Each structure stands twice: as structure tokens, then as C-alpha cells.
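> Please read through the structure below; I'll follow up with questions.
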There are 2 protein chains.
Amino acid sequence: MRVAVPFDAEAPKTRLSPVLEEAERAAFARVLLRDVLATLRATGREPTVYATAALGDDVDAAVEVDDSALDPLVNGLLAEGPLAVVMADLGVVTPGAVERLFEAEGDVVLAPGRGGGTNALLVRDDAFRVDFHGVSLRDHREIAGEAGLDVTEVDSMRLSTDVDEPADLVEVLLHGEGRAPEWLRERGIRVAVEDGRASVARE
Amino acid sequence: MRVAVPFDAEAPKTRLSPVLEEAERAAFARVLLRDVLATLRATGREPTVYATAALGDDVDAAVEVDDSALDPLVNGLLAEGPLAVVMADLGVVTPGAVERLFEAEGDVVLAPGRGGGTNALLVRDDAFRVDFHGVSLRDHREIAGEAGLDVTEVDSMRLSTDVDEPADLVEVLLHGEGRAPEWLRERGIRVAVEDGRASVARE
């Protein structure tokens, strides 16, 4: 099955600005992308990155430059047959979690993200289309239901964690198994407890 | 195996105050507790609630009133043999997720919560003790490691989601399979999208 990893090369990770400078955010987005690609490769898959701009030589995958928005990009790919889509910022994903996505049965397999997102999906029926705006998980359930398709949801914390905000870095530091946690630690970013809640601080 | 569900009957869910009044928060905490108990019962387990104060007749489980803090309470129970502990506010937990906890191998099985918490654990070796302060997941890994115990972590979004803040209600509304999502909807609480992020609003 084809595996697509969409990547926004131009405006990455603005909500991490309390902790990372602009150039760091761009670099960190690529660290996360490389971790996701390595995880997919570790399961024997050959991902293709669909990037909004050229990436240079620093990712170990086929790269297609396509500045389409996410929905038309993915829907165009879906028209060509079965497809898995994995977001580029799943900072704690592991080969085991990826295998659960690929092994799940159903016409459509959804990996819910925190806050109603869809962090990964696998589509085996061409009647499905994506809509990543708003509460995409709910929309994807509805689209599949209207098309009479069987939907399976994968219950994985690792797939549900995308990295958008400083609090998400806690998850990367505690659970990440790629290069991302080390990258953060090298920049002095640590888990810190404030009012009983875990957050991050930078030394 | 004994299954303990600790419950703070006196100061529940303060961080939900932007959405729920004090009496509603107390009521909602009991709705969540009852959902967790029903989920455990659906897997054939007989949970015991350890409550800081008497609960009246409204829960379907044995209730022990014990005003100890969480750590001494659980460590006292651990001294008596193998034990599972499941938090009372896991608002999207299902029988399938609970089964994954019980079926996991290891001397100690940890279900990580968002933000470094430990939302459920299962202990088969009396060398382990708990420490729920701070980043408890990290502490529990260390305590197990120092005792030479095998640790397994369960990768479950449903176990990782405890309900503390308004954003967590999004998860309950989208994924909850007990009474809690209906209880919220009856009070006009809905998923709302703001700046592209899912949150809740009250009508």
C-alpha cells in the first residue's frame, strides 16, 4: 500500500514559539518528519513525502513537491487506489503503533488525534474522501458512514499525539523513541512540573 | 486480581470550573466514576472504590471510605498482593482498553496519562511502590527499574485520557461510550471549533 506523509515546509509549528525560535521550529519539524519516516521504514514501508516546497537532501524518502492544500492533495491520491496517510509530526510514534494501523481491518481505518483530529488513516475503498478542516475525526466518521463503509479506529496514544504546542513536547521527552527527544534535550528543553502539571522549560 | 478505583469525593475537578458549576463538577465526577466502574464490570472484574468520604448509594461497587492520600492508600494495598489501580476519571475508557491493561505481561504494567501521569497500573510484584506526585510515569519507571522489575506500557489513547480540563471534554464528547457524553450534551455542552482547535462551548 502507498504511504503518504504530507509536510508543510513553509509555515511549520508556529504554536511552539513560546519555546523554539523560528529557525528552530523549522529544524524541529524536519526532525519529527525524519523520525516518522524512519518509523515507517522500520515496518518495511516506503513512504513518499508530499511537501509544499523542496526539502533538499535531508530526508530519506521519495519527495514530491506539491503545493496543493491537504484535502485536494490527499483526495487526489485516494482517487488512485488504496492509501495510508501518516502525519509528519507524530513525535512519539513507534513501529508497533504503525503496525496496528496497517493491521486493522475495515474499509477505512482512522487513528484519532487529540482534540478531534485525524493523525493517520488508511483507506481501502475509493468511495472515501478526506476533510481535514475542523473536527476531522467526526467528519471522517460521517463521510465513511454516508458511503456505507466500515470504519475501524485505532486506540493508540502514540498515534493520537501530534506535536503542536509546548505541552506536546512533554510527550516527546517522555515517550519519543526517535531523534526528537535528544534534539530537544540538546537545546536545554526539559520536563518541568508547575502547579502539579507537567510542562516544559528551557535552560 | 483486586481492582482499586481511588476517588476523591471532596474536591473534584476544579479545573473544569470554566464550564461546570461546583455542584455540576461533583455530579460529573460521579458520572465518570460510574462509567469507569461499569467498564470494569463489563470485563468481569469486581472493582472496589476507595473514596475519601462516603458516597451514598449511587455507585455499583464495594466502597471503602479511606481518607489517606493516594500514595499511602495504594502502597498499603500493594503490600497485600497483586493489584490493579484504575483512575476514576478515564472518561473514554472501554472494556477493550481495560483488557489490554490486564492482558499485558510484565511485573508492572503502566498506562501513561497525558502530561506524564499514570492513569492505570497493574502490579504483580510486591517490590513495587507508587509515587503519584509530579511526573509519576517517569517515577514509576524508575522505581520499577531500581527494583529490577519488568515494565510494560500500554499504548492506549483511551487509557491516556483523564478528564481534568475543558479540552478533555472534547475527548469525552467524541469518544466516550458511557453515560458521560450524554450527561454533557444534556447540559448544552458541545464541541466547538475555535481558531482551528477543538474546544467546548456551553449553550
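Identifiers in the C-alpha cells: chain A, B, ... in order shown; residue index from 1 per chain; ligand index from 1 in order shown.
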Hey, could you make a per-residue contact list for chain B against chain A with 9 Å as the cut-off, showing the nearest pair of atoms and its distance in Å to one decimal, counting only C-alpha atoms, sorted by chain and number, as CSV?

```
residue,atom,partner,partner_atom,distance
B:Ala97,CA,A:Asp155,CA,7.9
B:Pro112,CA,A:Met157,CA,8.6
B:Gly113,CA,A:Met157,CA,8.8
B:Arg114,CA,A:Glu171,CA,7.3
B:Gly115,CA,A:Ala198,CA,5.4
B:Gly116,CA,A:Ala198,CA,6.5
B:Gly117,CA,A:Ala198,CA,8.5
B:His133,CA,A:Gly196,CA,7.5
B:Gly134,CA,A:Gly196,CA,5.9
B:Val135,CA,A:Ala198,CA,6.5
B:Leu137,CA,A:Leu174,CA,8.5
B:Arg138,CA,A:Leu174,CA,7.4
B:Val154,CA,A:Met157,CA,8.8
B:Asp155,CA,A:Ser156,CA,5.3
B:Ser156,CA,A:Ser156,CA,4.3
B:Met157,CA,A:Met157,CA,4.0
B:Arg158,CA,A:Asp155,CA,6.5
B:Leu159,CA,A:Met157,CA,8.3
B:Ser160,CA,A:Met157,CA,6.5
B:Thr161,CA,A:Met157,CA,8.8
B:Ala167,CA,A:Gly115,CA,7.3
B:Asp168,CA,A:Gly115,CA,8.0
B:Val170,CA,A:Gly115,CA,6.2
B:Glu171,CA,A:Gly115,CA,6.5
B:Leu174,CA,A:Gly116,CA,7.1
B:Val191,CA,A:Val135,CA,8.5
B:Ala192,CA,A:Val135,CA,8.6
B:Val193,CA,A:Gly134,CA,6.3
B:Glu194,CA,A:Gly134,CA,8.8
B:Gly196,CA,A:Gly134,CA,5.9
B:Arg197,CA,A:Gly115,CA,7.1
B:Ala198,CA,A:Gly115,CA,5.4
B:Ser199,CA,A:Gly115,CA,7.3
```
> Among stretch 121-190 of chain B, which residues does DSSP mark as strand (DSSP E or B) when it is run on the backbone? Keep the chain and numbering as in the structure and answer as a count of residues only.
8
> With only C-alpha atoms as the basis for distance, which of B:Glu186, B:Glu103, B:Glu46, B:Glu177 is at the shortest distance from B:Leu32?
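So, comparing all the options, the nearest one is B:Glu177.
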> For the atom pair atom CA of B:Ala61 and atom CA of B:Glu10, what is the interatomic distance in Å to one decimal place?
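Separating atom CA of B:Ala61 from atom CA of B:Glu10 is a distance of 18.7 Å.
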> Give me the residues near A:Pro166 as JSON, numbers by chain, where near means some atom within 9 Å (using only C-alpha atoms) and where sequence neighbours in that chain fewer than 5 positions away do not count.
{"A": [15, 16, 17, 18, 19, 199, 200]}
